[in-house]
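S.K.: One file is attached below, protein_0.tsv, containing TSV, C-alpha atoms.
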chain	number	residue	atom	x	y	z
A	144	MET	CA	0.00	0.00	0.00
A	145	ASP	CA	1.28	3.48	-0.85
A	146	ASP	CA	1.96	5.28	2.42
A	147	GLU	CA	3.24	8.49	0.76
A	148	THR	CA	6.59	8.18	2.50
A	149	VAL	CA	9.08	10.74	1.23
A	150	ILE	CA	12.12	9.08	-0.28
A	151	ALA	CA	15.08	10.92	1.21
A	152	ALA	CA	17.93	11.22	-1.24
A	153	ASP	CA	21.06	13.23	-1.84
A	154	ASP	CA	19.72	15.09	-4.86
A	155	THR	CA	20.18	18.49	-6.51
A	156	ASP	CA	17.79	21.22	-7.58
A	157	ASP	CA	19.11	20.96	-11.14
A	158	ILE	CA	16.64	20.61	-13.96
A	159	PHE	CA	17.78	18.10	-16.56
A	160	TYR	CA	16.25	17.93	-20.02
A	161	PHE	CA	16.86	15.38	-22.66
A	162	ALA	CA	15.87	14.54	-26.17
A	163	SER	CA	14.65	11.02	-26.60
A	164	PRO	CA	13.25	10.17	-30.02
A	165	SER	CA	12.46	6.67	-28.75
A	166	LEU	CA	10.15	8.24	-26.15
A	167	GLY	CA	8.71	10.78	-28.56
A	168	LEU	CA	10.43	13.67	-26.76
A	169	PRO	CA	12.38	15.67	-29.33
A	170	LEU	CA	14.22	18.74	-28.06
A	171	GLU	CA	15.11	21.48	-30.48
A	172	PRO	CA	18.88	22.01	-30.79
A	173	VAL	CA	18.64	25.64	-29.64
A	174	LYS	CA	16.82	24.62	-26.46
A	175	GLN	CA	19.23	21.75	-25.85
A	176	GLN	CA	22.17	24.17	-26.15
A	177	ALA	CA	20.47	26.62	-23.77
A	178	HIS	CA	19.80	23.90	-21.18
A	179	LEU	CA	23.37	22.62	-21.31
A	180	ALA	CA	24.71	26.19	-21.11
A	181	SER	CA	22.55	26.82	-18.05
A	182	LEU	CA	23.82	23.68	-16.33
A	183	ARG	CA	27.42	24.55	-17.27
A	184	ALA	CA	27.03	28.06	-15.85
A	185	SER	CA	25.83	26.66	-12.53
A	186	VAL	CA	29.01	24.60	-12.04
A	187	ARG	CA	31.71	26.03	-9.77
A	188	THR	CA	35.07	24.45	-10.57
A	189	GLY	CA	37.25	26.56	-8.32
A	190	GLN	CA	39.39	27.25	-11.38
A	191	ALA	CA	38.90	29.87	-14.06
A	192	ARG	CA	38.87	28.37	-17.54
A	193	GLN	CA	41.81	30.49	-18.66
A	194	MET	CA	43.98	29.46	-15.68
A	195	ILE	CA	44.30	25.72	-16.40
A	196	PRO	CA	44.50	23.63	-19.59
A	197	ASP	CA	41.12	23.70	-21.31
A	198	SER	CA	40.81	19.91	-21.38
A	199	GLU	CA	41.20	19.83	-17.56
A	200	TRP	CA	38.61	22.58	-17.08
A	201	VAL	CA	36.08	20.88	-19.37
A	202	GLU	CA	36.64	17.59	-17.54
A	203	LEU	CA	36.07	19.32	-14.16
A	204	VAL	CA	32.76	20.73	-15.41
A	205	SER	CA	31.76	17.42	-17.01
A	206	ALA	CA	32.59	15.45	-13.86
A	207	GLN	CA	30.44	17.77	-11.74
A	208	LEU	CA	27.53	17.51	-14.17
A	209	ARG	CA	27.82	13.71	-14.25
A	210	SER	CA	27.93	13.64	-10.44
A	211	ARG	CA	24.85	15.84	-10.12
A	212	LEU	CA	22.99	13.77	-12.70
A	213	GLY	CA	24.05	10.60	-10.90
A	214	LYS	CA	22.45	11.90	-7.69
A	215	ARG	CA	19.21	12.57	-9.56
A	216	LEU	CA	19.26	9.16	-11.22
A	217	ASN	CA	19.85	7.44	-7.88
A	218	HIS	CA	16.86	9.30	-6.46
A	219	VAL	CA	14.69	8.25	-9.40
A	220	ALA	CA	15.86	4.63	-9.05
A	221	GLU	CA	14.97	4.62	-5.34
A	222	TRP	CA	11.56	6.08	-6.14
A	223	MET	CA	11.01	3.50	-8.87
A	224	ASP	CA	12.03	0.64	-6.57
A	225	ALA	CA	9.75	1.85	-3.76
A	226	ASN	CA	6.78	2.30	-6.06
A	227	THR	CA	7.09	-0.90	-8.10
A	228	ALA	CA	8.27	-3.39	-5.45
A	229	ARG	CA	4.88	-5.04	-5.13
A	230	PHE	CA	4.64	-5.43	-8.94
A	231	SER	CA	8.09	-6.95	-9.47
A	232	GLY	CA	6.87	-9.86	-11.61
A	233	ASN	CA	4.58	-7.70	-13.75
A	234	ALA	CA	5.46	-7.31	-17.46
A	235	GLU	CA	4.50	-3.63	-17.36
A	236	THR	CA	6.99	-3.06	-14.55
A	237	HIS	CA	9.72	-4.63	-16.71
A	238	ASN	CA	8.69	-2.38	-19.61
A	239	LEU	CA	8.83	0.65	-17.31
A	240	ARG	CA	12.35	-0.28	-16.19
A	241	ARG	CA	13.51	-0.71	-19.80
A	242	THR	CA	12.02	2.69	-20.65
A	243	LEU	CA	13.83	4.23	-17.69
A	244	GLU	CA	17.12	2.62	-18.74
A	245	SER	CA	16.70	4.01	-22.25
A	246	ALA	CA	15.88	7.46	-20.86
A	247	ILE	CA	18.95	7.33	-18.61
A	248	VAL	CA	21.22	6.72	-21.60
A	249	ASP	CA	19.62	9.65	-23.47
A	250	LEU	CA	19.87	11.89	-20.41
A	251	GLN	CA	23.53	11.05	-19.83
A	252	ALA	CA	24.26	11.86	-23.46
A	253	SER	CA	22.44	15.19	-23.18
A	254	ILE	CA	24.98	16.59	-20.70
A	255	GLU	CA	28.05	15.67	-22.76
A	256	PHE	CA	30.01	18.41	-24.49
A	257	CYS	CA	31.18	18.15	-28.09
A	258	ARG	CA	34.87	18.79	-27.18
A	259	SER	CA	36.03	19.41	-30.76
A	260	ASN	CA	38.17	22.48	-31.31
A	261	CYS	CA	36.34	25.80	-31.66
A	262	VAL	CA	36.36	27.17	-35.23
A	263	GLU	CA	37.79	30.50	-33.96
A	264	CYS	CA	40.36	29.29	-31.43
A	265	GLU	CA	41.89	26.15	-29.94
A	266	LEU	CA	39.52	25.89	-26.95
A	267	LEU	CA	37.11	22.98	-26.77
A	268	CYS	CA	33.57	23.24	-28.09
A	269	LEU	CA	31.01	23.38	-25.27
A	270	LEU	CA	27.95	22.81	-27.41
A	271	PRO	CA	26.06	19.54	-26.95
A	272	ARG	CA	27.58	16.43	-28.40
A	273	ARG	CA	26.52	15.79	-32.01
A	274	HIS	CA	25.34	19.39	-32.45
A	275	GLU	CA	24.76	20.88	-35.87
A	276	GLY	CA	26.78	23.78	-37.19
A	277	PRO	CA	30.24	25.07	-36.35
A	278	HIS	CA	32.06	24.23	-33.12
A	279	HIS	CA	32.14	27.04	-30.54
A	280	CYS	CA	33.89	27.38	-27.18
A	281	THR	CA	31.21	29.82	-25.89
A	282	THR	CA	33.82	32.42	-24.91
A	283	SER	CA	34.26	35.98	-26.18
A	284	HIS	CA	37.63	34.95	-27.68
A	285	LEU	CA	39.28	37.86	-25.88
A	286	CYS	CA	42.05	37.60	-23.29
A	287	LYS	CA	40.61	37.85	-19.76
A	288	PHE	CA	43.80	39.20	-18.18
A	289	ARG	CA	44.86	42.81	-17.60
A	290	CYS	CA	47.15	44.37	-20.20
A	291	GLU	CA	50.80	44.08	-19.20
A	292	ILE	CA	51.90	46.95	-21.46
A	293	LEU	CA	51.44	50.16	-19.49
A	294	ASP	CA	52.51	52.63	-22.20
A	295	GLY	CA	49.61	54.65	-23.53
A	296	HIS	CA	46.78	53.48	-21.29
A	297	ASP	CA	45.65	52.84	-17.76
A	298	GLU	CA	47.15	49.86	-15.91
A	299	ASN	CA	43.67	48.45	-15.21
A	300	GLU	CA	42.76	48.07	-18.86
A	301	ALA	CA	41.75	44.63	-20.11
A	302	CYS	CA	44.13	43.04	-22.60
A	303	GLY	CA	41.56	42.53	-25.35
A	304	LEU	CA	43.80	40.38	-27.54
A	305	PRO	CA	42.39	37.18	-28.97
As structure tokens - that is how I would like this structure written.

M.R.:
Amino acid sequence: MDDETVIAADDTDDIFYFASPSLGLPLEPVKQQAHLASLRASVRTGQARQMIPDSEWVELVSAQLRSRLGKRLNHVAEWMDANTARFSGNAETHNLRRTLESAIVDLQASIEFCRSNCVECELLCLLPRRHEGPHHCTTSHLCKFRCEILDGHDENEACGLP
């Protein structure tokens, strides 16, 4: 009997979206890029992208996103187990589990970055994997440091070089 017990879990407040043609849930590429960009922006690596090798920074962000998604998936699995335990031999329960497994694969793929080189620089592309169009690192392509040449301008001026 359902006793409406809350399933305590180490979860996040993140909102994950995924495109799953097998489930009839297409997600337009622009929306998928926006969702991934939003998740990426919420990650705190402790390192600025320009301070460490780009591959390390992208891996830090990816690892955090995978960890946060893993927490959500564990919560969903616990919920599924609690709510289907009494129907364990039922064919519909097996179908539901297969659907969940398929959705998990699609969801895990939806948080993966392309990682090809940006068309304008050598940084890694942070658009969703298998995106259409040119690769882009999502930066301004301008140096983030202060200008080291003090002749002719204020010492607090941004570098501005590519």

S.K.: Considering only C-alpha atoms, give me a table of residues in range 153-224 of chain A that are at most 10 Å from range 264-268 of chain A, with the closest atom pair and distance in Å for each, as a tab-separated table.

M.R.:
residue	atom	partner	partner_atom	distance
A:Arg192	CA	A:Leu266	CA	9.8
A:Gln193	CA	A:Leu266	CA	9.8
A:Pro196	CA	A:Leu266	CA	9.2
A:Asp197	CA	A:Leu266	CA	6.3
A:Ser198	CA	A:Leu267	CA	7.2
A:Trp200	CA	A:Leu267	CA	9.8
A:Val201	CA	A:Leu267	CA	7.8

S.K.: Near Tyr160 in chain A, within 12 Å and counting all atoms listed in the file, which residues show up once chain neighbours fewer than 2 positions away are dropped, as a PyMOL selection string?

M.R.: chain A and resi 157-158+162-163+168-172+174-182+212+246-247+249-254

S.K.: Just to be explicit: take each residue in the selection above, keep C-alpha atoms, and write the result as a CSV table (one decimal), in the coordinates of the input.

M.R.:
chain,number,residue,atom,x,y,z
A,157,ASP,CA,19.1,21.0,-11.1
A,158,ILE,CA,16.6,20.6,-14.0
A,162,ALA,CA,15.9,14.5,-26.2
A,163,SER,CA,14.6,11.0,-26.6
A,168,LEU,CA,10.4,13.7,-26.8
A,169,PRO,CA,12.4,15.7,-29.3
A,170,LEU,CA,14.2,18.7,-28.1
A,171,GLU,CA,15.1,21.5,-30.5
A,172,PRO,CA,18.9,22.0,-30.8
A,174,LYS,CA,16.8,24.6,-26.5
A,175,GLN,CA,19.2,21.8,-25.8
A,176,GLN,CA,22.2,24.2,-26.2
A,177,ALA,CA,20.5,26.6,-23.8
A,178,HIS,CA,19.8,23.9,-21.2
A,179,LEU,CA,23.4,22.6,-21.3
A,180,ALA,CA,24.7,26.2,-21.1
A,181,SER,CA,22.6,26.8,-18.0
A,182,LEU,CA,23.8,23.7,-16.3
A,212,LEU,CA,23.0,13.8,-12.7
A,246,ALA,CA,15.9,7.5,-20.9
A,247,ILE,CA,19.0,7.3,-18.6
A,249,ASP,CA,19.6,9.6,-23.5
A,250,LEU,CA,19.9,11.9,-20.4
A,251,GLN,CA,23.5,11.0,-19.8
A,252,ALA,CA,24.3,11.9,-23.5
A,253,SER,CA,22.4,15.2,-23.2
A,254,ILE,CA,25.0,16.6,-20.7

S.K.: Nearest to Gly213 in chain A among A:Glu235, A:Asp153, A:Glu147, A:Glu255, with distances taken over only C-alpha atoms: which residue is it?

M.R.: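 Result for the nearest residue to Gly213 in chain A: A:Asp153.
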
S.K.: Restricting the calculation to all atoms listed in the file: of A:Asp224, A:Leu270, A:Glu300, A:Gln190, which residue gets closest to Phe288 in chain A?

M.R.: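 Using all atoms listed in the file, the shortest distance to Phe288 in chain A belongs to A:Glu300.
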
S.K.: One decimal, in Å: what's the spacing between CA of Glu202 in chain A and CA of Ala152 in chain A?

M.R.: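 The value is 25.6 Å.
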
S.K.: So the first atom is CA of Thr227 in chain A and the second is CA of Phe159 in chain A; what is the distance between them in Å, to one decimal place?

M.R.: 23.4 Å

S.K.: Could you check how far CA of Glu221 in chain A sits from CA of Arg241 in chain A, in Å to one decimal?

M.R.: 15.5 Å

S.K.: Near Val149 in chain A, counting all atoms listed in the file, which residues have an atom at most 12 Å away, once you skip same-chain residues fewer than 6 positions from it, shown as a list in words?

M.R.: His218, Glu221, Trp222, Ala225 and Asn226 of chain A

S.K.: Which is closest to Met194 in chain A among A:Lys287, A:Ile292, A:Arg240, A:Ala228, if we use only C-alpha atoms?

M.R.: A:Lys287

S.K.: The centre and edge lengths of an axis-aligned box containing all atoms of range 276-292 of chain A present in the file, extended by 8 Å on each side, are to be given in Å to one decimal, as lines of an AutoDock Vina configuration file.

M.R.:
center_x = 39.3
center_y = 35.4
center_z = -27.4
size_x = 41.1
size_y = 39.2
size_z = 35.6
